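*Asks:* Contents of model18.cif (mmCIF, C-alpha atoms):
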data_my_file
#
loop_
_atom_site.label_atom_id
_atom_site.label_comp_id
_atom_site.auth_asym_id
_atom_site.auth_seq_id
_atom_site.Cartn_x
_atom_site.Cartn_y
_atom_site.Cartn_z
CA MET U 1 92.90 -0.85 -26.49
CA GLU U 2 93.93 -3.94 -24.56
CA THR U 3 95.46 -3.48 -21.13
CA ILE U 4 97.80 -5.52 -18.92
CA ASN U 5 96.41 -7.18 -15.80
CA ILE U 6 98.37 -6.71 -12.60
CA ILE U 7 97.84 -8.90 -9.53
CA TYR U 8 99.09 -7.92 -6.08
CA PHE U 9 99.66 -10.68 -3.56
CA GLY U 10 100.17 -10.80 0.17
CA VAL U 11 101.23 -7.58 1.88
CA LEU U 12 101.41 -5.84 -1.53
CA SER U 13 97.64 -6.04 -1.88
CA GLU U 14 97.46 -4.02 1.33
CA ILE U 15 100.10 -1.50 0.28
CA CYS U 16 98.38 -0.90 -3.06
CA ALA U 17 94.90 -1.26 -1.49
CA LYS U 18 93.82 -3.58 -4.28
CA SER U 19 94.30 -7.15 -5.48
CA THR U 20 94.19 -6.46 -9.21
CA GLU U 21 94.22 -3.59 -11.63
CA GLU U 22 94.37 -3.00 -15.37
CA LEU U 23 96.91 -0.64 -16.86
CA ASP U 24 97.69 0.69 -20.32
CA PHE U 25 101.33 -0.25 -20.54
CA THR U 26 103.94 -1.56 -22.94
CA GLY U 27 107.59 -1.91 -21.90
CA THR U 28 109.88 -3.93 -19.64
CA LEU U 29 109.06 -5.08 -16.12
CA ASP U 30 111.78 -2.68 -14.98
CA GLU U 31 109.87 0.22 -16.55
CA LEU U 32 106.62 -1.05 -15.11
CA GLN U 33 108.24 -1.15 -11.68
CA ASN U 34 109.21 2.52 -11.92
CA LEU U 35 105.64 3.37 -12.83
CA LEU U 36 104.21 1.33 -9.95
CA ILE U 37 106.59 2.84 -7.40
CA GLN U 38 105.54 6.33 -8.52
CA LYS U 39 101.94 5.28 -8.00
CA TYR U 40 102.53 3.36 -4.73
CA PRO U 41 105.68 4.81 -3.11
CA ASP U 42 105.58 2.23 -0.27
CA LEU U 43 106.35 -0.51 -2.84
CA ALA U 44 109.93 0.81 -2.99
CA SER U 45 110.84 -0.72 0.37
CA GLN U 46 109.26 -4.11 -0.35
CA HIS U 47 110.95 -7.31 -1.49
CA PHE U 48 109.11 -9.10 -4.26
CA GLN U 49 109.57 -10.82 -7.59
CA TYR U 50 107.45 -10.79 -10.72
CA SER U 51 105.67 -13.43 -12.68
CA LEU U 52 104.68 -12.74 -16.27
CA ASN U 53 101.88 -14.91 -17.64
CA GLN U 54 102.43 -17.27 -14.70
CA GLU U 55 106.17 -17.72 -15.17
CA ILE U 56 108.69 -16.23 -12.74
CA SER U 57 110.32 -13.40 -14.72
CA SER U 58 113.21 -10.96 -14.60
CA LEU U 59 113.07 -7.17 -14.77
CA SER U 60 114.38 -7.12 -18.34
CA ASP U 61 111.39 -9.11 -19.66
CA SER U 62 108.95 -7.23 -21.91
CA VAL U 63 105.27 -6.81 -21.15
CA LYS U 64 102.68 -6.41 -23.89
CA PRO U 65 98.91 -5.79 -23.87
CA GLY U 66 96.95 -8.81 -22.64
CA ASP U 67 99.76 -10.01 -20.37
CA GLU U 68 99.20 -10.99 -16.73
CA VAL U 69 101.81 -9.56 -14.37
CA ALA U 70 101.86 -10.60 -10.73
CA LEU U 71 103.87 -9.07 -7.87
CA LEU U 72 104.94 -11.86 -5.55
CA PRO U 73 106.31 -11.20 -2.05
CA PRO U 74 108.43 -13.99 -0.51
CA PHE U 75 106.34 -17.16 -0.28
CA THR U 76 105.18 -18.11 3.21
CA GLY U 77 103.11 -21.23 2.68
CA GLY U 78 103.03 -24.31 4.84
CA MET O 79 108.73 -77.55 43.02
CA GLU O 80 108.52 -74.33 41.06
CA THR O 81 109.81 -74.37 37.49
CA ILE O 82 111.15 -71.72 35.11
CA ASN O 83 109.03 -70.65 32.15
CA ILE O 84 110.74 -70.55 28.77
CA ILE O 85 109.27 -68.67 25.79
CA TYR O 86 110.48 -69.29 22.22
CA PHE O 87 109.89 -66.51 19.69
CA GLY O 88 109.99 -66.33 15.90
CA VAL O 89 111.85 -69.07 14.11
CA LEU O 90 112.88 -70.58 17.46
CA SER O 91 109.28 -71.61 18.14
CA GLU O 92 109.47 -73.62 14.94
CA ILE O 93 112.85 -75.15 15.70
CA CYS O 94 111.74 -76.22 19.17
CA ALA O 95 108.19 -77.01 17.95
CA LYS O 96 106.69 -75.09 20.85
CA SER O 97 106.12 -71.54 22.04
CA THR O 98 106.55 -72.15 25.74
CA GLU O 99 107.73 -74.80 28.11
CA GLU O 100 108.39 -75.26 31.82
CA LEU O 101 111.68 -76.66 33.07
CA ASP O 102 113.14 -77.61 36.42
CA PHE O 103 116.30 -75.56 36.31
CA THR O 104 118.56 -73.45 38.48
CA GLY O 105 121.79 -72.01 37.15
CA THR O 106 123.13 -69.41 34.71
CA LEU O 107 121.67 -68.64 31.28
CA ASP O 108 124.89 -70.08 29.87
CA GLU O 109 124.18 -73.41 31.60
CA LEU O 110 120.55 -73.24 30.47
CA GLN O 111 121.73 -72.70 26.90
CA ASN O 112 123.85 -75.88 27.01
CA LEU O 113 120.82 -77.80 28.21
CA LEU O 114 118.56 -76.37 25.48
CA ILE O 115 121.07 -77.09 22.72
CA GLN O 116 121.28 -80.71 23.90
CA LYS O 117 117.49 -80.84 23.72
CA TYR O 118 117.16 -78.92 20.42
CA PRO O 119 120.43 -79.32 18.50
CA ASP O 120 119.28 -76.92 15.72
CA LEU O 121 119.36 -74.07 18.23
CA ALA O 122 123.16 -74.17 18.04
CA SER O 123 123.23 -72.49 14.63
CA GLN O 124 120.73 -69.76 15.54
CA HIS O 125 121.44 -66.18 16.56
CA PHE O 126 119.39 -65.02 19.51
CA GLN O 127 119.57 -63.19 22.80
CA TYR O 128 117.85 -63.82 26.11
CA SER O 129 115.53 -61.86 28.26
CA LEU O 130 115.13 -62.75 31.92
CA ASN O 131 111.91 -61.57 33.56
CA GLN O 132 111.43 -59.25 30.62
CA GLU O 133 114.86 -57.60 30.76
CA ILE O 134 117.50 -58.24 28.10
CA SER O 135 120.10 -60.37 29.87
CA SER O 136 123.59 -61.77 29.46
CA LEU O 137 124.68 -65.40 29.61
CA SER O 138 126.25 -64.98 33.04
CA ASP O 139 122.92 -64.00 34.64
CA SER O 140 121.42 -66.51 37.09
CA VAL O 141 118.01 -68.09 36.66
CA LYS O 142 115.94 -69.26 39.61
CA PRO O 143 112.58 -71.05 39.93
CA GLY O 144 109.65 -68.83 38.91
CA ASP O 145 111.70 -66.82 36.40
CA GLU O 146 110.54 -66.13 32.85
CA VAL O 147 113.25 -66.73 30.25
CA ALA O 148 112.63 -65.79 26.61
CA LEU O 149 114.76 -66.66 23.58
CA LEU O 150 114.66 -63.70 21.19
CA PRO O 151 115.85 -63.96 17.59
CA PRO O 152 116.84 -60.67 15.88
CA PHE O 153 113.82 -58.32 15.90
CA THR O 154 112.11 -57.85 12.54
CA GLY O 155 109.21 -55.54 13.31
CA GLY O 156 107.96 -52.68 11.20
CA MET C 157 91.76 -17.33 -12.47
CA GLU C 158 91.23 -21.10 -12.52
CA ALA C 159 91.08 -22.79 -9.10
CA SER C 160 93.98 -25.11 -8.28
CA GLU C 161 93.09 -28.71 -7.47
CA TYR C 162 95.88 -28.59 -4.86
CA LEU C 163 94.31 -25.70 -2.94
CA ILE C 164 91.43 -26.37 -0.58
CA GLN C 165 89.18 -23.66 0.83
CA GLY C 166 89.58 -23.64 4.62
CA PRO C 167 91.19 -26.28 6.85
CA LEU C 168 92.20 -29.76 5.68
CA SER C 169 90.82 -32.78 7.51
CA SER C 170 91.89 -36.29 8.37
CA ALA C 171 89.39 -37.43 5.71
CA PHE C 172 92.05 -36.33 3.19
CA ILE C 173 94.48 -38.80 4.68
CA SER C 174 91.91 -41.60 4.51
CA GLY C 175 91.19 -40.65 0.90
CA ILE C 176 94.88 -40.77 -0.01
CA LEU C 177 95.26 -44.14 1.73
CA ASP C 178 92.20 -45.54 -0.03
CA LYS C 179 93.67 -44.63 -3.40
CA ALA C 180 97.22 -45.70 -2.49
CA ASP C 181 99.05 -48.50 -4.27
CA LYS C 182 98.24 -51.73 -2.48
CA LYS C 183 101.11 -53.84 -3.79
CA GLN C 184 104.44 -52.04 -3.93
CA VAL C 185 104.30 -49.46 -1.14
CA GLY C 186 106.07 -50.47 2.07
CA ALA C 187 106.51 -47.00 3.53
CA HIS C 188 103.94 -44.23 3.46
CA ALA C 189 104.77 -40.95 5.21
CA PHE C 190 102.53 -37.96 5.88
CA PHE C 191 103.40 -34.45 6.94
CA LEU C 192 100.69 -32.18 8.35
CA GLY C 193 101.23 -28.48 8.88
CA LYS C 194 99.04 -27.06 11.63
CA ILE C 195 98.34 -23.59 13.01
CA ARG C 196 100.03 -22.90 16.35
CA ALA C 197 98.67 -20.45 18.95
CA ASP C 198 101.99 -18.59 18.91
CA LYS C 199 102.40 -15.55 21.11
CA VAL C 200 103.68 -12.45 19.28
CA SER C 201 104.54 -9.64 21.72
CA ASP C 202 101.38 -9.51 23.85
CA LYS C 203 99.05 -10.93 21.20
CA ARG C 204 98.09 -14.49 20.47
CA VAL C 205 97.63 -16.02 17.01
CA VAL C 206 94.03 -17.20 16.50
CA GLY C 207 94.32 -18.23 12.85
CA ILE C 208 96.01 -17.73 9.51
CA GLU C 209 94.42 -16.37 6.37
CA TYR C 210 96.16 -17.89 3.33
CA SER C 211 96.11 -16.34 -0.11
CA ALA C 212 97.55 -18.06 -3.15
CA TYR C 213 98.20 -17.63 -6.84
CA ASP C 214 96.13 -20.58 -8.02
CA ASN C 215 97.56 -21.11 -11.49
CA LEU C 216 101.10 -20.83 -10.27
CA VAL C 217 100.36 -23.21 -7.38
CA THR C 218 99.24 -25.84 -9.86
CA LYS C 219 102.46 -25.45 -11.83
CA ALA C 220 104.64 -25.37 -8.69
CA VAL C 221 103.07 -28.56 -7.30
CA GLN C 222 103.61 -30.35 -10.59
CA ILE C 223 107.23 -29.21 -10.76
CA ILE C 224 107.89 -30.28 -7.16
CA THR C 225 106.21 -33.65 -7.71
CA SER C 226 108.06 -34.49 -10.89
CA SER C 227 111.40 -33.34 -9.47
CA LEU C 228 110.92 -35.66 -6.48
CA LEU C 229 109.89 -38.61 -8.64
CA ARG C 230 113.06 -38.11 -10.72
CA LYS C 231 115.28 -37.76 -7.67
CA TYR C 232 114.01 -40.71 -5.59
CA ASP C 233 113.84 -43.96 -7.55
CA ASP C 234 111.96 -45.77 -4.78
CA LEU C 235 109.27 -43.06 -4.62
CA THR C 236 105.98 -44.04 -6.27
CA ASP C 237 103.57 -41.26 -5.30
CA VAL C 238 103.49 -37.69 -3.96
CA GLN C 239 100.34 -35.84 -2.90
CA ILE C 240 100.25 -32.18 -1.84
CA TYR C 241 97.25 -30.23 -0.54
CA HIS C 242 97.37 -26.69 0.87
CA SER C 243 94.61 -24.59 2.39
CA LYS C 244 93.56 -21.18 1.20
CA GLY C 245 91.43 -18.77 3.15
CA LEU C 246 90.99 -18.99 6.91
CA VAL C 247 92.54 -21.79 8.96
CA LYS C 248 92.16 -21.50 12.72
CA VAL C 249 94.53 -22.54 15.53
CA GLY C 250 94.74 -26.33 15.79
CA GLU C 251 93.53 -26.89 12.24
CA ILE C 252 95.54 -28.36 9.35
CA SER C 253 96.77 -26.15 6.51
CA LEU C 254 99.11 -28.52 4.64
CA ILE C 255 99.11 -32.24 3.91
CA VAL C 256 102.03 -33.93 2.16
CA SER C 257 101.96 -37.65 1.41
CA VAL C 258 104.86 -39.67 0.00
CA SER C 259 104.79 -43.39 -0.81
CA CYS C 260 107.92 -45.47 -1.29
CA GLY C 261 108.87 -49.10 -1.53
CA HIS C 262 111.10 -48.75 1.53
CA ARG C 263 111.42 -46.33 4.41
CA LYS C 264 114.74 -44.57 3.74
CA GLN C 265 113.60 -42.59 0.72
CA ALA C 266 110.22 -41.93 2.33
CA PHE C 267 111.93 -39.91 5.08
CA ALA C 268 114.16 -38.03 2.64
CA ALA C 269 111.44 -37.36 0.06
CA MET C 270 108.99 -36.09 2.67
CA GLU C 271 111.43 -33.58 4.10
CA ASP C 272 112.58 -32.54 0.62
CA CYS C 273 108.96 -32.06 -0.47
CA VAL C 274 108.03 -29.89 2.52
CA GLU C 275 111.13 -27.72 2.06
CA GLN C 276 110.33 -27.26 -1.64
CA ILE C 277 106.77 -26.27 -0.74
CA LYS C 278 108.05 -23.69 1.74
CA ALA C 279 110.44 -22.28 -0.86
CA ASN C 280 108.42 -22.50 -4.07
CA LEU C 281 104.68 -22.59 -3.48
CA PRO C 282 103.13 -19.15 -4.23
CA VAL C 283 101.13 -18.95 -1.01
CA TRP C 284 101.11 -16.13 1.54
CA LYS C 285 100.07 -16.15 5.14
CA LYS C 286 98.45 -13.39 7.14
CA GLU C 287 98.55 -14.04 10.88
CA LEU C 288 95.37 -13.06 12.69
CA TYR C 289 95.65 -12.05 16.37
CA ASP C 290 93.27 -12.12 19.30
CA ASP C 291 93.05 -8.30 19.33
CA GLN C 292 91.61 -8.32 15.77
CA SER C 293 94.89 -7.08 14.28
CA HIS C 294 96.84 -8.98 11.63
CA LYS C 295 100.26 -9.22 10.01
CA TRP C 296 101.45 -10.55 6.66
CA LEU C 297 104.41 -12.78 7.42
CA GLU C 298 107.62 -12.12 5.53
CA LYS C 299 109.33 -15.48 5.88
CA MET G 300 101.16 -62.61 29.34
CA GLU G 301 99.47 -59.19 29.49
CA ALA G 302 98.48 -57.69 26.14
CA SER G 303 100.38 -54.59 25.11
CA GLU G 304 98.33 -51.47 24.43
CA TYR G 305 100.76 -50.75 21.57
CA LEU G 306 100.01 -54.02 19.76
CA ILE G 307 96.86 -54.31 17.69
CA GLN G 308 95.47 -57.62 16.45
CA GLY G 309 95.53 -57.56 12.64
CA PRO G 310 95.98 -54.59 10.32
CA LEU G 311 95.94 -50.96 11.43
CA SER G 312 93.50 -48.56 9.78
CA SER G 313 93.33 -44.90 8.89
CA ALA G 314 90.85 -44.57 11.76
CA PHE G 315 93.92 -44.74 14.02
CA ILE G 316 95.31 -41.64 12.35
CA SER G 317 92.01 -39.81 12.80
CA GLY G 318 91.96 -40.88 16.43
CA ILE G 319 95.49 -39.59 17.01
CA LEU G 320 94.62 -36.31 15.30
CA ASP G 321 91.45 -35.90 17.34
CA LYS G 322 93.45 -36.26 20.54
CA ALA G 323 96.36 -34.14 19.34
CA ASP G 324 97.37 -30.89 21.00
CA LYS G 325 95.41 -28.11 19.33
CA LYS G 326 97.58 -25.18 20.40
CA GLN G 327 101.32 -25.81 20.21
CA VAL G 328 101.75 -28.34 17.40
CA GLY G 329 102.79 -26.87 14.07
CA ALA G 330 104.17 -30.06 12.52
CA HIS G 331 102.63 -33.51 12.79
CA ALA G 332 104.30 -36.37 10.92
CA PHE G 333 103.07 -39.92 10.42
CA PHE G 334 104.90 -43.00 9.22
CA LEU G 335 102.93 -46.03 8.03
CA GLY G 336 104.58 -49.36 7.40
CA LYS G 337 102.69 -51.45 4.85
CA ILE G 338 103.01 -54.98 3.48
CA ARG G 339 104.53 -55.17 -0.02
CA ALA G 340 103.79 -57.95 -2.51
CA ASP G 341 107.52 -58.67 -2.79
CA LYS G 342 108.68 -61.44 -5.05
CA VAL G 343 111.03 -63.95 -3.40
CA SER G 344 112.50 -66.37 -5.95
CA ASP G 345 109.36 -67.54 -7.78
CA LYS G 346 106.97 -66.89 -4.89
CA ARG G 347 104.98 -63.82 -4.05
CA VAL G 348 104.39 -62.45 -0.54
CA VAL G 349 100.68 -62.47 0.33
CA GLY G 350 100.92 -61.34 3.94
CA ILE G 351 102.99 -61.22 7.10
CA GLU G 352 102.21 -62.95 10.37
CA TYR G 353 103.66 -60.93 13.24
CA SER G 354 104.41 -62.33 16.63
CA ALA G 355 105.51 -60.21 19.55
CA TYR G 356 106.60 -60.35 23.16
CA ASP G 357 103.82 -58.19 24.59
CA ASN G 358 105.32 -57.19 27.92
CA LEU G 359 108.64 -56.34 26.37
CA VAL G 360 106.92 -54.38 23.58
CA THR G 361 105.26 -52.20 26.19
CA LYS G 362 108.62 -51.54 27.85
CA ALA G 363 110.39 -50.95 24.53
CA VAL G 364 107.78 -48.45 23.34
CA GLN G 365 108.01 -46.53 26.60
CA ILE G 366 111.82 -46.46 26.43
CA ILE G 367 111.76 -45.29 22.79
CA THR G 368 109.16 -42.63 23.53
CA SER G 369 110.93 -41.21 26.55
CA SER G 370 114.32 -41.24 24.81
CA LEU G 371 112.86 -39.25 21.91
CA LEU G 372 111.14 -36.75 24.21
CA ARG G 373 114.47 -36.19 25.98
CA LYS G 374 116.42 -35.85 22.72
CA TYR G 375 114.08 -33.49 20.81
CA ASP G 376 113.08 -30.44 22.82
CA ASP G 377 110.48 -29.37 20.27
CA LEU G 378 108.77 -32.79 20.32
CA THR G 379 105.51 -32.87 22.28
CA ASP G 380 104.03 -36.29 21.50
CA VAL G 381 104.97 -39.72 20.13
CA GLN G 382 102.49 -42.50 19.32
CA ILE G 383 103.47 -46.00 18.24
CA TYR G 384 101.13 -48.83 17.18
CA HIS G 385 102.24 -52.16 15.71
CA SER G 386 100.16 -55.04 14.41
CA LYS G 387 100.35 -58.58 15.66
CA GLY G 388 98.93 -61.60 13.86
CA LEU G 389 98.10 -61.57 10.17
CA VAL G 390 98.49 -58.46 8.02
CA LYS G 391 97.87 -58.91 4.30
CA VAL G 392 99.53 -57.23 1.33
CA GLY G 393 98.51 -53.58 1.08
CA GLU G 394 97.51 -53.37 4.73
CA ILE G 395 99.19 -51.29 7.45
CA SER G 396 101.32 -52.94 10.15
CA LEU G 397 102.95 -49.94 11.83
CA ILE G 398 101.84 -46.40 12.61
CA VAL G 399 104.22 -43.84 14.11
CA SER G 400 103.04 -40.34 14.92
CA VAL G 401 105.26 -37.48 16.07
CA SER G 402 104.09 -33.97 16.95
CA CYS G 403 106.42 -30.99 17.16
CA GLY G 404 106.19 -27.24 17.37
CA HIS G 405 108.12 -26.90 14.11
CA ARG G 406 108.95 -29.14 11.18
CA LYS G 407 112.70 -29.75 11.52
CA GLN G 408 112.53 -31.94 14.59
CA ALA G 409 109.40 -33.68 13.29
CA PHE G 410 111.41 -35.09 10.37
CA ALA G 411 114.32 -36.12 12.56
CA ALA G 412 112.21 -37.58 15.37
CA MET G 413 110.04 -39.60 12.98
CA GLU G 414 113.04 -41.23 11.30
CA ASP G 415 114.76 -41.80 14.63
CA CYS G 416 111.60 -43.38 16.05
CA VAL G 417 111.13 -45.78 13.13
CA GLU G 418 114.79 -46.84 13.28
CA GLN G 419 114.52 -47.47 17.02
CA ILE G 420 111.39 -49.55 16.44
CA LYS G 421 113.19 -51.63 13.82
CA ALA G 422 116.13 -52.17 16.17
CA ASN G 423 114.46 -52.55 19.55
CA LEU G 424 110.84 -53.66 19.31
CA PRO G 425 110.53 -57.40 20.15
CA VAL G 426 108.41 -58.26 17.13
CA TRP G 427 109.06 -61.00 14.56
CA LYS G 428 107.73 -61.36 11.05
CA LYS G 429 106.90 -64.52 9.18
CA GLU G 430 106.44 -63.94 5.45
CA LEU G 431 103.59 -65.90 3.93
CA TYR G 432 103.83 -66.82 0.23
CA ASP G 433 101.29 -67.57 -2.47
CA ASP G 434 102.30 -71.26 -2.52
CA GLN G 435 101.29 -71.63 1.17
CA SER G 436 104.90 -71.76 2.31
CA HIS G 437 106.37 -69.28 4.79
CA LYS G 438 109.66 -67.97 6.10
CA TRP G 439 110.69 -66.29 9.35
CA LEU G 440 112.71 -63.23 8.34
CA GLU G 441 116.10 -62.79 9.91
CA LYS G 442 116.60 -59.05 9.41
#
Please express the file's structure as structure tokens.
*Replies:*
Amino acid sequence: METINIIYFGVLSEICAKSTEELDFTGTLDELQNLLIQKYPDLASQHFQYSLNQEISSLSDSVKPGDEVALLPPFTGG
Amino acid sequence: METINIIYFGVLSEICAKSTEELDFTGTLDELQNLLIQKYPDLASQHFQYSLNQEISSLSDSVKPGDEVALLPPFTGG
Amino acid sequence: MEASEYLIQGPLSSAFISGILDKADKKQVGAHAFFLGKIRADKVSDKRVVGIEYSAYDNLVTKAVQIITSSLLRKYDDLTDVQIYHSKGLVKVGEISLIVSVSCGHRKQAFAAMEDCVEQIKANLPVWKKELYDDQSHKWLEK
Amino acid sequence: MEASEYLIQGPLSSAFISGILDKADKKQVGAHAFFLGKIRADKVSDKRVVGIEYSAYDNLVTKAVQIITSSLLRKYDDLTDVQIYHSKGLVKVGEISLIVSVSCGHRKQAFAAMEDCVEQIKANLPVWKKELYDDQSHKWLEK
């Protein structure tokens, strides 16, 4: 079965102790967030947004197998 | 006898057909201007300011032998 | 993930500026402005910054740069070219992490477009900085 | 008349930028902005500009640059360095006639100081430009 690919950026890669992982998941980003916070409780206090297949997304968007989901803390480039 | 040195910049060097000249002169810049306009009538229609010994000056300032007077059209650097 | 052409591994150099100038329009550009972001040896409590480790979301950087560039070209009618390069990985104190180049016919829009571009990069480029300190510790910056 | 260190015979090159960067503060500068003035192939009636011949009052240029620089350093407390170089003599279309460099701790004052500096140069630097056209004629510009 195909999985979703999750990418953790910035401080989130430290909190989750990984940069990427694959998960069996189908549902909304909101549901995914609940799952991730159960897995990594320290995520709950972090500010971040999601991108879904490289587009900034909202929590109501649906994720399906094969999708790329990224957790993006506030940008600090420059 | 010591003279004053006059420098003509920009379009004024074309109007007067020279970049520099020496003149026997003592008096104010205002008096010098009357003299120069007699000599180069086309100066009368030009906008310019004076510097006296490399300081921007006003027409009431006095010029004495050895001084450097420059006629400065509007600056167009950059 | 595909590498972004706008992200350069390690510090940027003045050779980038020469390269941009060599390729620049030679006829219609009267005003060419560059902004360089550099790493400061800031003091944070009793530590000193020795470098910044940048991470980036390459694919999204490519899209963000293209969106910024086209938005600027629409907004400034005198603007003819925008170039953006950002470092990823380690950039040490004194080194360059960002180069922005804007070319315009005249100077007014060059000033405005350069500032606008840098602010859009700060707000919209998916890049993250981790400050590295002289005691070997580090901190992910939050703003 | 003594030559001004701020006036360069002929066009300026990107080597100037590299030179400025090499000498730049390596610890406290976070934002380094450059402005380059270049010669445009403007069309004037049915003629085309092929170059500009600059003349300048060297001694007064030196004074003017020093006044501009010190006024900027007083006005912008985050500004650490200002560099100004202007061409004299012939500069052809596509070549660089003015380089302004400003270094600041942070970006906000770099934008403001760069624009301020260029406007002060336009207003106060005793330099005059003669436009040269493709039919061998020329015109001293008045503004």
*Asks:* Tell me, as a list in words, which residues lie within 9 Å of Tyr305 in chain G, counting only C-alpha atoms; anything in the same chain fewer than 3 positions away does not count.
*Replies:*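 Here the qualifying residues turn out to be Ala302, Asp357, Val360, Thr361, Val364, Gln382, Ile383, Tyr384, His385 and Ser386 of chain G.
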*Asks:* Can you tell me, as a list in words, what residues are no more than 9 Å from Lys438 in chain G when counting all atoms listed in the file, ignoring any on the same chain fewer than 4 positions away?
*Replies:*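 Selected residues are Val89 of chain O; Lys428, Lys429, Glu430, Leu431 and Tyr432 of chain G.
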*Asks:* Select residues of chain C: the criterion is any atom within 10 Å of an atom of chain U, counting only C-alpha atoms; output as a ChimeraX atom specification.
*Replies:* /C:192-195,210-217,219,241-244,252-255,274-275,277-286,295-299
*Asks:* Please write as a PDB file with C-alpha atoms, in the coordinates of the input the full residue list that the PyMOL selection byres ((chain O and resi 81) around 10) yields on this file.
*Replies:*
ATOM      1  CA  MET O  79     108.730 -77.550  43.020  1.00  0.00           C
ATOM      2  CA  GLU O  80     108.520 -74.330  41.060  1.00  0.00           C
ATOM      3  CA  ILE O  82     111.150 -71.720  35.110  1.00  0.00           C
ATOM      4  CA  ASN O  83     109.030 -70.650  32.150  1.00  0.00           C
ATOM      5  CA  ILE O  84     110.740 -70.550  28.770  1.00  0.00           C
ATOM      6  CA  GLU O  99     107.730 -74.800  28.110  1.00  0.00           C
ATOM      7  CA  GLU O 100     108.390 -75.260  31.820  1.00  0.00           C
ATOM      8  CA  LEU O 101     111.680 -76.660  33.070  1.00  0.00           C
ATOM      9  CA  ASP O 102     113.140 -77.610  36.420  1.00  0.00           C
ATOM     10  CA  PHE O 103     116.300 -75.560  36.310  1.00  0.00           C
ATOM     11  CA  THR O 104     118.560 -73.450  38.480  1.00  0.00           C
ATOM     12  CA  LYS O 142     115.940 -69.260  39.610  1.00  0.00           C
ATOM     13  CA  PRO O 143     112.580 -71.050  39.930  1.00  0.00           C
ATOM     14  CA  GLY O 144     109.650 -68.830  38.910  1.00  0.00           C
ATOM     15  CA  ASP O 145     111.700 -66.820  36.400  1.00  0.00           C
ATOM     16  CA  GLU O 146     110.540 -66.130  32.850  1.00  0.00           C
TER      17      GLU O 146
END
*Asks:* So which residues touch range 170-178 of chain C within 8 Å, counting all atoms listed in the file, skipping near sequence neighbours fewer than 2 positions away, as JSON, numbers by chain?
*Replies:* {"C": [168, 180, 239, 257], "G": [313, 314, 316, 317, 320]}
*Asks:* Using only C-alpha atoms, which protein or nucleic acid residues come within 7 Å of Leu137 in chain O? Drop anything in the same chain fewer than 5 positions from it, and give the result as a ChimeraX atom specification.
*Replies:* /O:106-108
*Asks:* Report the closest atom pair, with its distance in Å rounded to one decimal, for each residue of chain C that has an atom no farther than 7 Å from chain G; count all atoms listed in the file, sort by chain and then rising residue number, and write it as CSV.
*Replies:*
residue,atom,partner,partner_atom,distance
C:Ser170,CA,G:Ser317,CA,5.7
C:Ser174,CA,G:Ser313,CA,5.7
C:Lys182,CA,G:Gly393,CA,4.0
C:Lys183,CA,G:Ala340,CA,5.1
C:Gln184,CA,G:Arg339,CA,5.0
C:Val185,CA,G:Arg339,CA,5.8
C:Gly186,CA,G:Lys337,CA,4.5
C:Ala187,CA,G:Gly336,CA,4.9
C:His188,CA,G:Leu335,CA,5.0
C:Ala189,CA,G:Phe334,CA,4.5
C:Phe190,CA,G:Phe333,CA,5.0
C:Phe191,CA,G:Ala332,CA,4.5
C:Leu192,CA,G:His331,CA,5.0
C:Gly193,CA,G:Ala330,CA,4.9
C:Lys194,CA,G:Gly329,CA,4.5
C:Ile195,CA,G:Gly329,CA,5.6
C:Arg196,CA,G:Gln327,CA,5.0
C:Ala197,CA,G:Lys326,CA,5.1
C:Val249,CA,G:Lys326,CA,6.3
C:Gly250,CA,G:Lys325,CA,4.0
C:Phe267,CA,G:Glu414,CA,6.5
C:Glu271,CA,G:Phe410,CA,6.4
*Asks:* Given the point (110.9, -34.5, -7.8) in the file's coordinates, find the residues that have an atom at most 12 Å from it, counting all atoms listed in the file, and give them as JSON, numbers by chain.
*Replies:* {"C": [220, 221, 222, 223, 224, 225, 226, 227, 228, 229, 230, 231, 232, 233, 234, 235, 236, 237, 238, 239, 258, 268, 269, 270, 271, 272, 273, 274, 275, 276, 277]}
